[in-house]
Amino acid sequence: MTPPTGASYAAAGVDIEAGDRAVELMKEWVRKTQRPEVLGGLGGFAGLFDASALKRYERPLLASATDGVGTKVDIARQMGVYDTIGHDLVAMVMDDIVVCGAEPLFMTDYICVGKVHPERVAAIVKGIAEGCVLAGCALVGGETAEHPGLLGPDDFDVAGAGTGVVEADRLLGADRIRAGDVVIAMASSGLHSNGYSLVRHVLFDRAGMRLEQRVEEFGRTLGEELLEPTRIYSLDCLALTRTAEVHAFSHITGGGLAANLARVIPDGLHAAVDRSTWTPGAVFDLVGTAGRVERLELEKTLNMGVGMMAVVPAESVDVALTTLADRGVDAWVAGEITERGEHPTGATLTGDHAA
């Protein structure tokens with residue numbers, strides 16, 4: 001009788017050599033994100049960032065955030081498209097950081113897979129690196145974890161954490177907002193990376209649609225629309241703070257427009273946003289119609305066409321809109337800040353969307 005062979009990590013489903021190859025393939029993309037403050041290269045136990053660069057600040061405040069992209073990863077998996085989901089990850093992390101006025105500095109990522117496919121992992125990191133370039137931050141490290149038995153061979157998830165810095169006396173937020181301020185909306189690129197559990201349920205389970213199905217309103221397939229990367233506003237917001245007085249930003253993510261805007265509205269004040277100032281993209285109408293989703297449910301789940309909002313004093317509106325237009329950001333006046341009065345919440349939507 002032949003004795004059984006000894007157990008091994010590879011036999012348990014973890015391929016260390018494939019992981020090493022993935023690291024080699026991703027190095028090229030990580031290098032493209034480097035800032036002068038980054039020390040060392042990919043492959044160390046920790047990413048290094050020269051904090052002496054912060055000496056130019058009087059009182060530097062570090063801002064940090066962490067996030068993932070939710071069930072949008074399943075669309076990427078089904079489509080076999082892996083080089084855009086990283087844009088979503090960077091946007092979800094760094095656009096949270098810039099809300100307080102912080103400059104994005106560096107980011108790390110975590111990629112969990114059922115089985116390491118080196119080219120696939122490298123494609124994911126490529127997207128993260130490209131997103132970091134758009135956000136102005138460095139990708140200083142990360143982790144790829146192989147979880148056989150917990151995830152299927154083609155399953156994966158991504159998460160990330162980022163750090164930024166802001167001068168203490170330039171910190172943006174609720175304490176700067178005053179009655180009479182104006183709310184400026186910045187257009188989203190689509191669904192971004194929120195609400196995909198609802199979207200998938202409505203479009204696939206209830207409406208029976210297919211990813212490869214062409215949708216005339218989109219001018220492309222459903223899958224291509226659903227994979228449209230989240231817009232990264234970080235450098236646009238920082239440019240706005242340099243040209244105009246800005247009191248606050250609000251990143252419109254999970255919870256929708258009103259709930260996220262309310263997070264930066266101080267007690268005693270109220271943000272009234274007029275729906276008639278914009279028309280949501282066709283994808284929002286499709287989700288609402290196909291699932292017979294009530295407007296309130298849509299608005300507390302999806303961004304409805306607005307990915308970032310800025311609160312500025314009235315005298316800064318013109319220069320703010322000009323700055324954003326010059327940077328290719330579709331933006332418009334969407335509302336105003338008033339006394340709270342009888343309003344029970346910090347922000348409400350009024351009117352009906354433009355046809």
# chains A, B, ... in the order shown; residues from 1 in each chain; ligands from 1
>>> residues_around(residues="Asp205 in chain A", least_positions_apart="5", cutoff="10 Å", atoms="only C-alpha atoms", output="list in words")
Val199, Arg200 and Gly291 of chain A
>>> write_last_selection(atoms="all heavy atoms", output="JSON list (two decimals), in the first residue's frame")
[["chain", "number", "residue", "atom", "x", "y", "z"],
["A", 199, "VAL", "N", -30.09, 47.10, -7.71],
["A", 199, "VAL", "CA", -30.00, 47.13, -9.18],
["A", 199, "VAL", "C", -30.00, 45.71, -9.74],
["A", 199, "VAL", "O", -30.73, 45.40, -10.70],
["A", 199, "VAL", "CB", -28.76, 47.91, -9.63],
["A", 199, "VAL", "CG1", -28.52, 47.74, -11.14],
["A", 199, "VAL", "CG2", -28.88, 49.38, -9.27],
["A", 200, "ARG", "N", -29.20, 44.85, -9.19],
["A", 200, "ARG", "CA", -29.11, 43.47, -9.67],
["A", 200, "ARG", "C", -30.42, 42.73, -9.47],
["A", 200, "ARG", "O", -30.87, 41.98, -10.34],
["A", 200, "ARG", "CB", -27.95, 42.75, -8.98],
["A", 200, "ARG", "CG", -26.57, 43.25, -9.41],
["A", 200, "ARG", "CD", -25.44, 42.86, -8.46],
["A", 200, "ARG", "NE", -25.38, 41.43, -8.24],
["A", 200, "ARG", "CZ", -25.61, 40.86, -7.06],
["A", 200, "ARG", "NH1", -25.94, 41.59, -6.01],
["A", 200, "ARG", "NH2", -25.52, 39.56, -6.94],
["A", 291, "GLY", "N", -38.35, 47.84, -11.84],
["A", 291, "GLY", "CA", -38.66, 47.27, -10.54],
["A", 291, "GLY", "C", -39.84, 47.90, -9.85],
["A", 291, "GLY", "O", -40.16, 47.54, -8.72]]
>>> closest_atom_pairs(of="range 194-230 of chain A", to="range 80-104 of chain A", cutoff="12 Å", atoms="only C-alpha atoms", output="Markdown table")
| residue | atom | partner | partner_atom | distance |
| --- | --- | --- | --- | --- |
| A:Asn194 | CA | A:Met92 | CA | 9.5 |
| A:Leu211 | CA | A:Gly80 | CA | 11.3 |
| A:Glu212 | CA | A:Gly80 | CA | 11.8 |
| A:Gly223 | CA | A:Val81 | CA | 9.9 |
| A:Glu224 | CA | A:Val81 | CA | 9.6 |
| A:Leu226 | CA | A:Ile85 | CA | 10.9 |
| A:Leu227 | CA | A:Thr84 | CA | 7.4 |
| A:Glu228 | CA | A:Thr84 | CA | 7.9 |
| A:Pro229 | CA | A:Asp88 | CA | 5.6 |
| A:Thr230 | CA | A:Asp88 | CA | 4.9 |
>>> write_last_selection(atoms="N, CA, C and O atoms", output="CSV table (one decimal), in the first residue's frame")
chain,number,residue,atom,x,y,z
A,194,ASN,N,-22.8,52.1,-5.6
A,194,ASN,CA,-23.8,51.9,-4.5
A,194,ASN,C,-25.1,51.4,-5.0
A,194,ASN,O,-25.4,51.7,-6.2
A,211,LEU,N,-26.7,40.9,-19.2
A,211,LEU,CA,-25.6,41.8,-19.3
A,211,LEU,C,-25.2,42.1,-20.7
A,211,LEU,O,-24.8,43.3,-21.0
A,212,GLU,N,-25.3,41.1,-21.6
A,212,GLU,CA,-24.9,41.4,-23.0
A,212,GLU,C,-26.1,42.0,-23.8
A,212,GLU,O,-25.9,42.4,-25.0
A,223,GLY,N,-24.4,45.5,-19.5
A,223,GLY,CA,-23.2,45.3,-18.7
A,223,GLY,C,-22.2,46.4,-18.8
A,223,GLY,O,-21.6,46.8,-17.7
A,224,GLU,N,-22.0,47.0,-19.9
A,224,GLU,CA,-21.1,48.2,-20.1
A,224,GLU,C,-21.6,49.4,-19.3
A,224,GLU,O,-20.8,50.1,-18.7
A,226,LEU,N,-23.5,49.2,-16.5
A,226,LEU,CA,-23.3,48.9,-15.1
A,226,LEU,C,-21.9,48.9,-14.6
A,226,LEU,O,-21.6,49.1,-13.4
A,227,LEU,N,-20.9,48.7,-15.5
A,227,LEU,CA,-19.5,48.8,-15.2
A,227,LEU,C,-18.9,50.1,-15.3
A,227,LEU,O,-17.7,50.3,-15.1
A,228,GLU,N,-19.7,51.1,-15.8
A,228,GLU,CA,-19.1,52.5,-15.9
A,228,GLU,C,-18.4,52.9,-14.6
A,228,GLU,O,-19.0,52.9,-13.5
A,229,PRO,N,-17.1,53.3,-14.6
A,229,PRO,CA,-16.4,53.5,-13.4
A,229,PRO,C,-17.0,54.8,-12.7
A,229,PRO,O,-17.5,55.7,-13.3
A,230,THR,N,-16.9,54.7,-11.4
A,230,THR,CA,-17.3,55.8,-10.5
A,230,THR,C,-16.4,57.0,-10.8
A,230,THR,O,-15.1,56.9,-10.9
>>> atom_distance(atom1="CA of Gly268 in chain A", atom2="CA of Gly341 in chain A")
7.6 Å
>>> select_by_dssp(residues="range 60-182 of chain A", states="helix (DSSP H, G or I)", output="count of residues only")
48
>>> select_by_dssp(residues="range 275-322 of chain A", states="strand (DSSP E)", output="VMD selection string")
chain A and resid 306 to 312
>>> closest_residue(among="A:Met308, A:Ala159, A:Ala135, A:Met79", to="Asp330 in chain A", atoms="only C-alpha atoms")
A:Met308
>>> decode(residues="range 44-89 of chain A", atoms="N, CA and C atoms", output="compact mmCIF listing (two decimals), in the first residue's frame")
# COMPACT_ATOMS: atom_id res chain seq x y z
N GLY A 44 7.68 45.17 -0.06
CA GLY A 44 8.05 45.25 1.34
C GLY A 44 6.88 44.86 2.23
N PHE A 45 7.15 44.78 3.51
CA PHE A 45 6.08 44.43 4.45
C PHE A 45 5.16 45.62 4.72
N ALA A 46 5.66 46.82 4.47
CA ALA A 46 4.84 48.02 4.69
C ALA A 46 5.23 49.06 3.65
N GLY A 47 4.26 49.88 3.26
CA GLY A 47 4.56 51.01 2.38
C GLY A 47 5.11 52.16 3.20
N LEU A 48 6.05 52.88 2.63
CA LEU A 48 6.70 53.99 3.34
C LEU A 48 6.40 55.31 2.66
N PHE A 49 6.05 56.31 3.48
CA PHE A 49 5.73 57.66 2.98
C PHE A 49 6.48 58.65 3.85
N ASP A 50 7.28 59.51 3.24
CA ASP A 50 8.12 60.45 3.96
C ASP A 50 7.26 61.57 4.57
N ALA A 51 7.00 61.47 5.86
CA ALA A 51 6.13 62.43 6.54
C ALA A 51 6.77 63.79 6.71
N SER A 52 8.08 63.93 6.44
CA SER A 52 8.70 65.25 6.54
C SER A 52 8.10 66.21 5.52
N ALA A 53 7.44 65.66 4.50
CA ALA A 53 6.76 66.50 3.52
C ALA A 53 5.64 67.32 4.17
N LEU A 54 5.18 66.89 5.34
CA LEU A 54 4.09 67.59 6.02
C LEU A 54 4.59 68.77 6.85
N LYS A 55 5.91 69.00 6.87
CA LYS A 55 6.46 70.12 7.65
C LYS A 55 5.99 71.48 7.14
N ARG A 56 5.57 71.52 5.89
CA ARG A 56 5.12 72.80 5.36
C ARG A 56 3.76 73.21 5.94
N TYR A 57 3.10 72.28 6.62
CA TYR A 57 1.83 72.58 7.25
C TYR A 57 2.06 73.16 8.64
N GLU A 58 1.24 74.12 9.04
CA GLU A 58 1.29 74.65 10.39
C GLU A 58 0.76 73.61 11.38
N ARG A 59 -0.40 73.06 11.07
CA ARG A 59 -1.01 72.03 11.92
C ARG A 59 -1.67 71.00 11.01
N PRO A 60 -0.91 70.03 10.52
CA PRO A 60 -1.48 69.05 9.58
C PRO A 60 -2.43 68.08 10.28
N LEU A 61 -3.60 67.91 9.71
CA LEU A 61 -4.54 66.90 10.17
C LEU A 61 -4.56 65.76 9.16
N LEU A 62 -4.38 64.54 9.62
CA LEU A 62 -4.44 63.39 8.73
C LEU A 62 -5.89 62.91 8.66
N ALA A 63 -6.35 62.68 7.45
CA ALA A 63 -7.70 62.16 7.20
C ALA A 63 -7.57 60.76 6.64
N SER A 64 -8.40 59.83 7.13
CA SER A 64 -8.32 58.46 6.63
C SER A 64 -9.71 57.93 6.33
N ALA A 65 -9.77 56.98 5.43
CA ALA A 65 -11.05 56.36 5.06
C ALA A 65 -10.78 54.97 4.52
N THR A 66 -11.77 54.12 4.60
CA THR A 66 -11.68 52.77 4.03
C THR A 66 -13.02 52.39 3.44
N ASP A 67 -13.01 51.59 2.39
CA ASP A 67 -14.26 51.24 1.72
C ASP A 67 -14.00 50.09 0.74
N GLY A 68 -15.07 49.63 0.13
CA GLY A 68 -15.01 48.65 -0.94
C GLY A 68 -15.91 49.12 -2.07
N VAL A 69 -16.29 48.23 -2.96
CA VAL A 69 -17.16 48.62 -4.07
C VAL A 69 -18.44 47.79 -4.09
N GLY A 70 -18.68 47.01 -3.03
CA GLY A 70 -19.93 46.28 -2.92
C GLY A 70 -20.10 45.21 -3.99
N THR A 71 -21.36 44.93 -4.31
CA THR A 71 -21.64 43.82 -5.23
C THR A 71 -21.44 44.19 -6.69
N LYS A 72 -20.90 45.38 -6.95
CA LYS A 72 -20.50 45.71 -8.33
C LYS A 72 -19.41 44.75 -8.81
N VAL A 73 -18.66 44.17 -7.85
CA VAL A 73 -17.62 43.22 -8.27
C VAL A 73 -18.21 42.03 -9.01
N ASP A 74 -19.47 41.68 -8.71
CA ASP A 74 -20.07 40.53 -9.39
C ASP A 74 -20.34 40.84 -10.86
N ILE A 75 -20.64 42.10 -11.16
CA ILE A 75 -20.81 42.50 -12.57
C ILE A 75 -19.48 42.35 -13.30
N ALA A 76 -18.40 42.81 -12.66
CA ALA A 76 -17.08 42.68 -13.27
C ALA A 76 -16.72 41.22 -13.50
N ARG A 77 -17.03 40.38 -12.52
CA ARG A 77 -16.73 38.95 -12.65
C ARG A 77 -17.50 38.34 -13.81
N GLN A 78 -18.80 38.63 -13.90
CA GLN A 78 -19.60 38.06 -14.97
C GLN A 78 -19.18 38.59 -16.34
N MET A 79 -18.78 39.84 -16.39
CA MET A 79 -18.35 40.44 -17.66
C MET A 79 -16.94 40.02 -18.05
N GLY A 80 -16.17 39.55 -17.07
CA GLY A 80 -14.76 39.24 -17.34
C GLY A 80 -13.95 40.49 -17.58
N VAL A 81 -14.37 41.60 -17.00
CA VAL A 81 -13.67 42.88 -17.13
C VAL A 81 -13.18 43.28 -15.75
N TYR A 82 -11.87 43.34 -15.58
CA TYR A 82 -11.30 43.54 -14.25
C TYR A 82 -10.50 44.83 -14.09
N ASP A 83 -10.33 45.59 -15.17
CA ASP A 83 -9.44 46.74 -15.08
C ASP A 83 -10.17 48.07 -14.85
N THR A 84 -11.46 48.02 -14.49
CA THR A 84 -12.16 49.27 -14.17
C THR A 84 -12.64 49.32 -12.72
N ILE A 85 -12.79 48.16 -12.10
CA ILE A 85 -13.34 48.13 -10.74
C ILE A 85 -12.43 48.87 -9.76
N GLY A 86 -11.14 48.95 -10.08
CA GLY A 86 -10.21 49.69 -9.23
C GLY A 86 -10.48 51.18 -9.20
N HIS A 87 -10.96 51.73 -10.33
CA HIS A 87 -11.36 53.15 -10.33
C HIS A 87 -12.44 53.38 -9.28
N ASP A 88 -13.39 52.43 -9.22
CA ASP A 88 -14.47 52.54 -8.25
C ASP A 88 -13.92 52.55 -6.83
N LEU A 89 -12.96 51.67 -6.57
CA LEU A 89 -12.41 51.57 -5.23
C LEU A 89 -11.74 52.88 -4.80
